[in-house]
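S.K.: Before anything else, here's the structure in question.
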Amino acid sequence: MALFFAGLAYLAGNLYLSFWLLRWLAAWGWPLTAPAAGAAVLTVFWLWAASPVWAFLARKGPLRRPLRRACGMWLAFMLYGFLLAGAFAGLRHLALRWPGYTALPVAARARVLAAAGSLALAIDLALCVGGRRRAERLRVRRRAVSVAKACETPRLRVALVADLHLGSNLGLAGLRRLCAAIRAEKPDLVCIAGDLFDNCFDDIEQPDEAARLLAGLRPRWGVWGCWGNHDLPEELLAGFSVGRPKQDGRFEAFLHKAGIRMLCEETARLGCGVQLAGRADRGMARRAHLRRAAPEELLAGLDKTAPVFVLDHQPREDRALAEAGADLVLCGHTHDGQLWPANWLMRLLWHNPGGVRRHGGAWLATTSGAGVWGPPMRVGTRSEVLVLDVTFAPCPETENPLQ
């Protein structure tokens, strides 16, 4: 049902854009007003607008990755085209109430429309091209946090990444940049807060080489992860699940080669004394029929006098996890909105869509993600590695060595 209404909204948005496209062509005059020119422009428009369908139909083969990327580019182009066309329509409505504008000759008003359409197209293209380049620029953001518990090590450097979405958007070159950025920080622990994959193993570029790059991280206390909502093999149509999830053992084989241990509703004690828990994403658990424990139940058996870290893909229950005994909750999923103005809307949907916040005596960390989903670009947000320098309270026996 959600796919049906989303399809109707998508169709309506493209019809609105094609309406303004034809008006823009008409404002330019001949030869763009010729029937052949209009037919050619509309053919290209609707072939590109139908890219979600082409990407879905090309489930396997060499065209799948480029078609999925073309689909993502169109979604962003359509979003900003719709916003710009709507803004222009609003300004035009106001201008029609101004006598000075209505007194202009018809030809002059046509030139205004032609210029406005050209400006909107230029802005749309600039946002898409600039957004693509921005998505490829990975930043490293560092934050210092303190945990008021004794640990076997006085400090711990944690590299938090999430939302790699290995596949059509993050290829081998992007993964090399990411792994190089992580290694340069010399972390003691690497945590992947879900969405390492992008639903389809076949989209991963050279999976053996990708696994080798991840295996080369080799932090002292290992690479750990939790499952995200896209770490489930299933077919998607424009981001909506179509059919039932599949079984694909290649996901687990990839993780084994990459040296990544996934925590799914379980806990582990690291050699440094930190207790690490990992949860299955709530959406993934529902579709895969996995039981997702309550925060109190997940952390019930842990030693609360020792540090407790929790990996949870979505920051939906990070405060509940902190109240259940977690000292550091590590999340992703939000992409910090990825595209403006969605990054503004994220502030209404999530209390911590990105960054590091304090909740009582615990820390809540949400990364904007190392990759992208859907449109292969970022506007108003950044791809990142979040590095947390964690310090612990000194052990009681070393607090006063003179006694």
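So you can find residues: chains in the structure tokens are A, B, ... in the order shown, residues in each start at 1, and ligands are numbered from 1 in order.
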Looking only at alpha helix (DSSP H) from DSSP on the backbone, list the matching residues of segment 148-364 of chain A as a PyMOL selection string.
M.R.: chain A and resi 172-184+207-215+250-258+282-288+295-298+318-323+342-349
S.K.: What are the nearest atom pairs, with distances in Å to one decimal, for all residues of segment 283-360 of chain A that come at most 10 Å from segment 224-228 of chain A, using only C-alpha atoms, set out by chain and rising residue number as a tab-separated table?
M.R.:
residue	atom	partner	partner_atom	distance
A:Gly283	CA	A:Gly228	CA	8.1
A:Met284	CA	A:Gly228	CA	6.6
A:Ala285	CA	A:Trp227	CA	9.0
A:Val310	CA	A:Cys226	CA	9.4
A:Leu311	CA	A:Cys226	CA	6.1
A:Asp312	CA	A:Cys226	CA	6.6
A:His313	CA	A:Gly228	CA	5.4
A:Gln314	CA	A:Gly228	CA	8.0
A:Cys331	CA	A:Cys226	CA	9.6
A:Gly332	CA	A:Gly228	CA	8.9
A:His333	CA	A:Gly228	CA	7.7
S.K.: Let me see the file: selected residues, N, CA and C atoms, as a JSON list (two decimals), in the first residue's frame.
M.R.:
[["chain", "number", "residue", "atom", "x", "y", "z"],
["A", 283, "GLY", "N", 13.54, -2.66, 11.89],
["A", 283, "GLY", "CA", 12.89, -3.01, 10.64],
["A", 283, "GLY", "C", 13.39, -4.33, 10.08],
["A", 284, "MET", "N", 14.69, -4.55, 10.17],
["A", 284, "MET", "CA", 15.27, -5.79, 9.70],
["A", 284, "MET", "C", 14.76, -6.97, 10.53],
["A", 285, "ALA", "N", 14.67, -6.78, 11.86],
["A", 285, "ALA", "CA", 14.18, -7.85, 12.73],
["A", 285, "ALA", "C", 12.73, -8.20, 12.41],
["A", 310, "VAL", "N", 26.99, 0.07, 23.32],
["A", 310, "VAL", "CA", 25.92, -0.60, 22.58],
["A", 310, "VAL", "C", 25.91, -0.10, 21.14],
["A", 311, "LEU", "N", 25.84, -1.05, 20.20],
["A", 311, "LEU", "CA", 25.66, -0.75, 18.78],
["A", 311, "LEU", "C", 24.20, -0.95, 18.41],
["A", 312, "ASP", "N", 23.56, 0.10, 17.94],
["A", 312, "ASP", "CA", 22.16, 0.02, 17.51],
["A", 312, "ASP", "C", 22.03, 0.89, 16.27],
["A", 313, "HIS", "N", 21.57, 0.32, 15.17],
["A", 313, "HIS", "CA", 21.57, 1.04, 13.90],
["A", 313, "HIS", "C", 20.81, 2.37, 13.98],
["A", 314, "GLN", "N", 19.59, 2.33, 14.47],
["A", 314, "GLN", "CA", 18.79, 3.54, 14.56],
["A", 314, "GLN", "C", 18.90, 4.16, 15.96],
["A", 331, "CYS", "N", 25.25, 4.80, 16.95],
["A", 331, "CYS", "CA", 24.16, 4.64, 15.98],
["A", 331, "CYS", "C", 24.52, 5.28, 14.64],
["A", 332, "GLY", "N", 23.68, 5.00, 13.66],
["A", 332, "GLY", "CA", 23.78, 5.60, 12.33],
["A", 332, "GLY", "C", 22.39, 5.83, 11.78],
["A", 333, "HIS", "N", 22.15, 5.37, 10.56],
["A", 333, "HIS", "CA", 20.84, 5.29, 9.91],
["A", 333, "HIS", "C", 20.31, 6.61, 9.36]]
S.K.: Which residue, A:Arg244, A:His256, A:Lys149, A:Arg177, has the smallest gap to His289 of chain A when you use only C-alpha atoms?
M.R.: A:Arg244
S.K.: Neighbours of Ala148 of chain A within 12 Å (only C-alpha atoms; same-chain residues fewer than 5 positions away dropped), as a list in words?
M.R.: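 My reading of the contact set: Pro154, Arg155, Lys304, Thr305, Ala306, Pro307, Val308, Ala326, Asp327, Leu328, Gly360, Gly361, Ala362, Trp363, Val390, Thr391, Phe392, Ala393, Pro394, Cys395 and Pro396 of chain A.
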S.K.: Quick one: write out the picked residues with C-alpha atoms as a PDB file, in the first residue's frame?
M.R.:
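Heads up, here's the output in again_9.pdb:
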ATOM      1  CA  PRO A 154      42.817   4.468  30.607  1.00  0.00           C
ATOM      2  CA  ARG A 155      41.720   5.498  27.120  1.00  0.00           C
ATOM      3  CA  LYS A 304      27.274  -2.338  35.237  1.00  0.00           C
ATOM      4  CA  THR A 305      30.421  -1.381  37.141  1.00  0.00           C
ATOM      5  CA  ALA A 306      32.396  -1.874  33.915  1.00  0.00           C
ATOM      6  CA  PRO A 307      31.968   0.188  30.708  1.00  0.00           C
ATOM      7  CA  VAL A 308      29.044  -0.812  28.464  1.00  0.00           C
ATOM      8  CA  ALA A 326      24.801   1.802  28.527  1.00  0.00           C
ATOM      9  CA  ASP A 327      27.658   4.294  28.816  1.00  0.00           C
ATOM     10  CA  LEU A 328      28.080   4.859  25.069  1.00  0.00           C
ATOM     11  CA  GLY A 360      22.531  11.602  32.076  1.00  0.00           C
ATOM     12  CA  GLY A 361      25.890   9.959  32.624  1.00  0.00           C
ATOM     13  CA  ALA A 362      25.921   8.327  29.163  1.00  0.00           C
ATOM     14  CA  TRP A 363      26.950   9.456  25.697  1.00  0.00           C
ATOM     15  CA  VAL A 390      37.071   7.705  25.246  1.00  0.00           C
ATOM     16  CA  THR A 391      38.755   8.172  28.624  1.00  0.00           C
ATOM     17  CA  PHE A 392      37.849   6.122  31.683  1.00  0.00           C
ATOM     18  CA  ALA A 393      38.068   6.719  35.402  1.00  0.00           C
ATOM     19  CA  PRO A 394      41.290   5.316  36.879  1.00  0.00           C
ATOM     20  CA  CYS A 395      41.139   1.892  38.501  1.00  0.00           C
ATOM     21  CA  PRO A 396      40.653   2.090  42.319  1.00  0.00           C
TER      22      PRO A 396
END
S.K.: What are the closest atom pairs, with distances in Å to one decimal, for each residue of segment 22-102 of chain A lying within 10 Å of segment 11-16 of chain A, using only C-alpha atoms, rows by chain and rising residue number, as a Markdown table?
M.R.:
| residue | atom | partner | partner_atom | distance |
| --- | --- | --- | --- | --- |
| A:Phe45 | CA | A:Asn14 | CA | 8.9 |
| A:Trp46 | CA | A:Asn14 | CA | 8.3 |
| A:Ala49 | CA | A:Asn14 | CA | 7.3 |
| A:Ala50 | CA | A:Leu11 | CA | 9.7 |
| A:Met78 | CA | A:Asn14 | CA | 7.4 |
| A:Leu79 | CA | A:Gly13 | CA | 8.7 |
| A:Gly81 | CA | A:Asn14 | CA | 9.5 |
| A:Phe82 | CA | A:Gly13 | CA | 6.9 |
| A:Ala85 | CA | A:Tyr16 | CA | 8.6 |
| A:Gly86 | CA | A:Tyr16 | CA | 9.3 |
S.K.: For each of A:Asp248, A:Thr267, A:Glu317, A:Pro219, take the minimum atom-to-atom distance to Ala184 of chain A, counting only C-alpha atoms, then give the residue where this is smallest.
M.R.: A:Pro219
S.K.: Check the DSSP output for the backbone and give back, as an NGL selection string, the residues of segment 74-261 of chain A in strand (DSSP E or B).
M.R.: :A and (138-150 or 155-161 or 166 or 170 or 189-193 or 197 or 223-226 or 235-237 or 240-242 or 260-261)
S.K.: Rank A:Leu302, A:Ala126, A:Ala40, A:Leu47 by their smallest atom-to-atom distance to Arg269 of chain A, using only C-alpha atoms, and report the top residue only.
M.R.: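 Looking only at the distances to Arg269 of chain A, the closest residue turns out to be A:Leu302.
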S.K.: One decimal, in Å: what's the spacing between atom CA of Gly325 of chain A and atom CA of Arg142 of chain A?
M.R.: 24.3 Å
S.K.: Write out as number ranges by chain the residues lying within 10 Å of segment 88-103 of chain A, counting only C-alpha atoms and excluding same-chain residues fewer than 2 positions away.
M.R.: A: 20, 82-86, 105-106, 108-109, 112-113, 116-117, 120
S.K.: Within 7 Å of Thr367 of chain A, counting only C-alpha atoms, which residues qualify if same-chain residues fewer than 3 places away don't, as a PyMOL selection string?
M.R.: chain A and resi 161-162+331-332+354-355+386
S.K.: Those same residues, written as a CSV table (one decimal), in the first residue's frame with N, CA and C atoms?
M.R.:
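Result file follows (result33.csv):
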chain,number,residue,atom,x,y,z
A,161,VAL,N,31.7,4.0,12.2
A,161,VAL,CA,31.2,4.2,10.8
A,161,VAL,C,29.9,3.5,10.7
A,162,ALA,N,29.1,4.0,9.7
A,162,ALA,CA,27.8,3.3,9.5
A,162,ALA,C,27.3,3.7,8.1
A,331,CYS,N,25.3,4.8,17.0
A,331,CYS,CA,24.2,4.6,16.0
A,331,CYS,C,24.5,5.3,14.6
A,332,GLY,N,23.7,5.0,13.7
A,332,GLY,CA,23.8,5.6,12.3
A,332,GLY,C,22.4,5.8,11.8
A,354,GLY,N,22.4,13.5,14.3
A,354,GLY,CA,23.9,13.4,14.0
A,354,GLY,C,24.7,14.2,15.1
A,355,GLY,N,25.8,13.6,15.5
A,355,GLY,CA,26.6,14.2,16.5
A,355,GLY,C,26.7,13.4,17.8
A,386,LEU,N,33.4,9.0,12.4
A,386,LEU,CA,33.3,9.7,13.7
A,386,LEU,C,34.3,9.0,14.6
S.K.: Excluding segment 339-347 of chain A and any residue of its chain fewer than 5 positions from it, enumerate the residues within 10 Å of it, using only C-alpha atoms, and give them as a ChimeraX atom specification.
M.R.: /A:76,79-80,127,131,334,352-354,372,375,377-382
S.K.: Restricted to C-alpha atoms, what would the selected residues look like written as a compact mmCIF listing (two decimals), in the first residue's frame?
M.R.:
# COMPACT_ATOMS: atom_id res chain seq x y z
CA ALA A 76 17.64 14.13 -6.54
CA LEU A 79 13.42 16.72 -5.84
CA TYR A 80 15.22 19.99 -6.55
CA LEU A 127 23.24 20.96 -6.88
CA GLY A 131 26.30 17.04 -4.29
CA THR A 334 19.80 8.95 9.67
CA ASN A 352 19.94 13.21 17.77
CA PRO A 353 20.11 12.91 13.97
CA GLY A 354 23.87 13.43 14.02
CA VAL A 372 24.87 7.40 0.79
CA PRO A 375 20.77 9.64 -4.68
CA MET A 377 25.12 12.76 -3.45
CA ARG A 378 24.99 14.96 -0.37
CA VAL A 379 23.69 18.51 -0.15
CA GLY A 380 24.06 20.30 3.18
CA THR A 381 25.52 17.21 4.91
CA ARG A 382 28.84 15.34 4.96
S.K.: Taking into account only C-alpha atoms, which residue in the set A:Asn169, A:Leu189, A:Ala258, A:Gly194 is nearest to Glu209 of chain A?
M.R.: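 Closest candidate: A:Ala258.
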S.K.: Which polymer residues have any atom within 12 Å of an atom of segment 251-254 of chain A, counting only C-alpha atoms, with same-chain residues fewer than 2 positions away left out, as a PyMOL selection string?
M.R.: chain A and resi 166+195-202+204+206-215+227+230-233+246-249+256-262
S.K.: I'd like a table as a tab-separated table: residues in segment 115-228 of chain A with an atom no more than 8 Å from segment 58-67 of chain A, each row giving the shortest atom pair and its distance in Å to one decimal, only C-alpha atoms counted, sorted by chain and rising residue number.
M.R.:
residue	atom	partner	partner_atom	distance
A:Gly167	CA	A:Arg65	CA	7.5
A:Ser168	CA	A:Arg65	CA	4.8
A:Asp202	CA	A:Lys60	CA	7.3
A:Asp203	CA	A:Arg65	CA	6.1
S.K.: To one decimal in Å, tell me the separation between atom CA of Phe56 of chain A and atom CA of Arg134 of chain A.
M.R.: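 These two atoms are separated by 26.9 Å.
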